[in-house]
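Some notes on the structure that comes next.
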Amino acid sequence: MDNTKTTAVSGCIIWFVLITFICSCILPVFMAIGSISSFSNYAIQTTGGWLCPEGTTPQSRTYSTTTFDENGFEQPATGYELECVDSSGEVVKSDPVLYAFIWIGIWVLVGLIVSIVLTFALSVPGGMLVTKVLNSIRVRR
């Protein structure tokens, strides 16, 4: 195997290993950030700008609800909902789920971009290291 093929193969291998490792670490963190921040006013205003009809204002509404713990017992919880309110104060549209999925998706996309940038930044030195190791193994034979 000549040096060009060794470099190409080692570059592909190191890139695949790095993207797998980095994404498995970074994407859950960015998904958690998106989940935690999906109740913020900024998230409501941002996603409401896309989901609410023209001439309405996005706002958050909280309400009491229940959830179940790990043993199956009911626990009190707070529910969040995006409401699109017109100028008279009437709720035109209500969305309890889609805004949060969009917000979390934005954060996952940011995490994916960060992962790709880190992978490219680390794959060059990693590929050079793997090539050096493969070449030293080939020389010893």
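Ordering of the structure tokens sets the chain letters (A, B, ...); residue numbers start at 1 within each chain; ligands are numbered from 1 in the order shown.
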Which residues, written as a PDB file with N, CA and C atoms, in the first residue's frame, have at least one atom at most 7 Å from segment 21-23 of chain A, with only C-alpha atoms counted and residues fewer than 3 positions away on the same chain left out?
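What landed in part.pdb:
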```
ATOM      1  N   VAL A  17     -14.268   7.510  13.296  1.00  0.00           N
ATOM      2  CA  VAL A  17     -14.169   7.274  14.744  1.00  0.00           C
ATOM      3  C   VAL A  17     -14.422   8.575  15.509  1.00  0.00           C
ATOM      4  N   LEU A  18     -13.831   9.665  15.051  1.00  0.00           N
ATOM      5  CA  LEU A  18     -14.005  10.939  15.739  1.00  0.00           C
ATOM      6  C   LEU A  18     -15.441  11.446  15.677  1.00  0.00           C
ATOM      7  N   ILE A  26     -21.450  15.092  22.434  1.00  0.00           N
ATOM      8  CA  ILE A  26     -21.938  16.467  22.334  1.00  0.00           C
ATOM      9  C   ILE A  26     -23.447  16.545  22.099  1.00  0.00           C
ATOM     10  N   LEU A  27     -23.996  15.702  21.248  1.00  0.00           N
ATOM     11  CA  LEU A  27     -25.427  15.820  20.925  1.00  0.00           C
ATOM     12  C   LEU A  27     -26.343  15.660  22.136  1.00  0.00           C
ATOM     13  N   LEU A 112     -24.662  19.473  16.267  1.00  0.00           N
ATOM     14  CA  LEU A 112     -24.126  18.765  15.111  1.00  0.00           C
ATOM     15  C   LEU A 112     -23.067  19.600  14.398  1.00  0.00           C
ATOM     16  N   SER A 115     -19.990  19.521  16.481  1.00  0.00           N
ATOM     17  CA  SER A 115     -19.356  18.208  16.334  1.00  0.00           C
ATOM     18  C   SER A 115     -18.571  18.104  15.035  1.00  0.00           C
TER      19      SER A 115
END
```
Fewer than 3 positions away in the same chain doesn't count, so skip those; otherwise give me all residues within 12 Å of Glu54 of chain A, counting only C-alpha atoms, as a VMD selection string. chain A and resid 48 to 51 57 to 58 84 to 87 92 to 93
Take the residues from that selection and put them in a file with C-alpha atoms, as a short mmCIF file (atom, residue, chain, number, x, y, z; two decimals), in the first residue's frame.
```cif
data_model
loop_
_atom_site.label_atom_id
_atom_site.label_comp_id
_atom_site.auth_asym_id
_atom_site.auth_seq_id
_atom_site.Cartn_x
_atom_site.Cartn_y
_atom_site.Cartn_z
CA GLY A 48 -43.73 31.59 18.13
CA GLY A 49 -42.45 33.88 15.39
CA TRP A 50 -42.57 30.87 13.04
CA LEU A 51 -45.67 29.11 14.38
CA THR A 57 -48.10 37.67 19.71
CA PRO A 58 -46.53 34.48 21.10
CA CYS A 84 -50.72 32.95 19.92
CA VAL A 85 -52.73 35.93 21.17
CA ASP A 86 -54.29 38.58 18.92
CA SER A 87 -54.58 42.28 19.77
CA VAL A 92 -55.96 32.25 18.27
CA LYS A 93 -53.69 29.21 18.37
#
```
For Cys12 of chain A, which residue among A:Val124, A:Ala32, A:Ile116, A:Ile137 is the nearest when counting only C-alpha atoms? A:Val124
Could you pull out the residues in segment 25-122 of chain A that DSSP calls alpha helix (DSSP H) from the backbone, as a PyMOL selection string? chain A and resi 25-37+41-51+98-122
Given the choices A:Thr47, A:Thr131, A:Ser37, A:Thr62, which gets closest to Thr78 of chain A if the distance is worked out from only C-alpha atoms? A:Thr62
Please return, as a list in words, all residues of segment 1-111 of chain A that DSSP assigns to strand (DSSP E) on the basis of the backbone.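 Put together, the selection reads Thr57, Pro58, Gln59, Ser60, Arg61, Thr62, Tyr63, Ser64, Thr65, Thr66, Thr67, Phe68, Glu74, Gln75, Pro76, Ala77, Thr78, Gly79, Tyr80, Glu81, Leu82, Glu83, Cys84, Val85, Val91, Val92, Lys93, Ser94 and Asp95 of chain A.
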Of the candidates A:Gly79, A:Gln45, A:Gly55, A:Val108, which shows the shortest atom-to-atom distance to Ser24 of chain A, using only C-alpha atoms? A:Val108
Pick from A:Leu118, A:Val97, A:Leu129, A:Leu134 nearest to Ser35 of chain A, counting only C-alpha atoms: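 Of all the options, A:Val97 lies closest to Ser35 of chain A.
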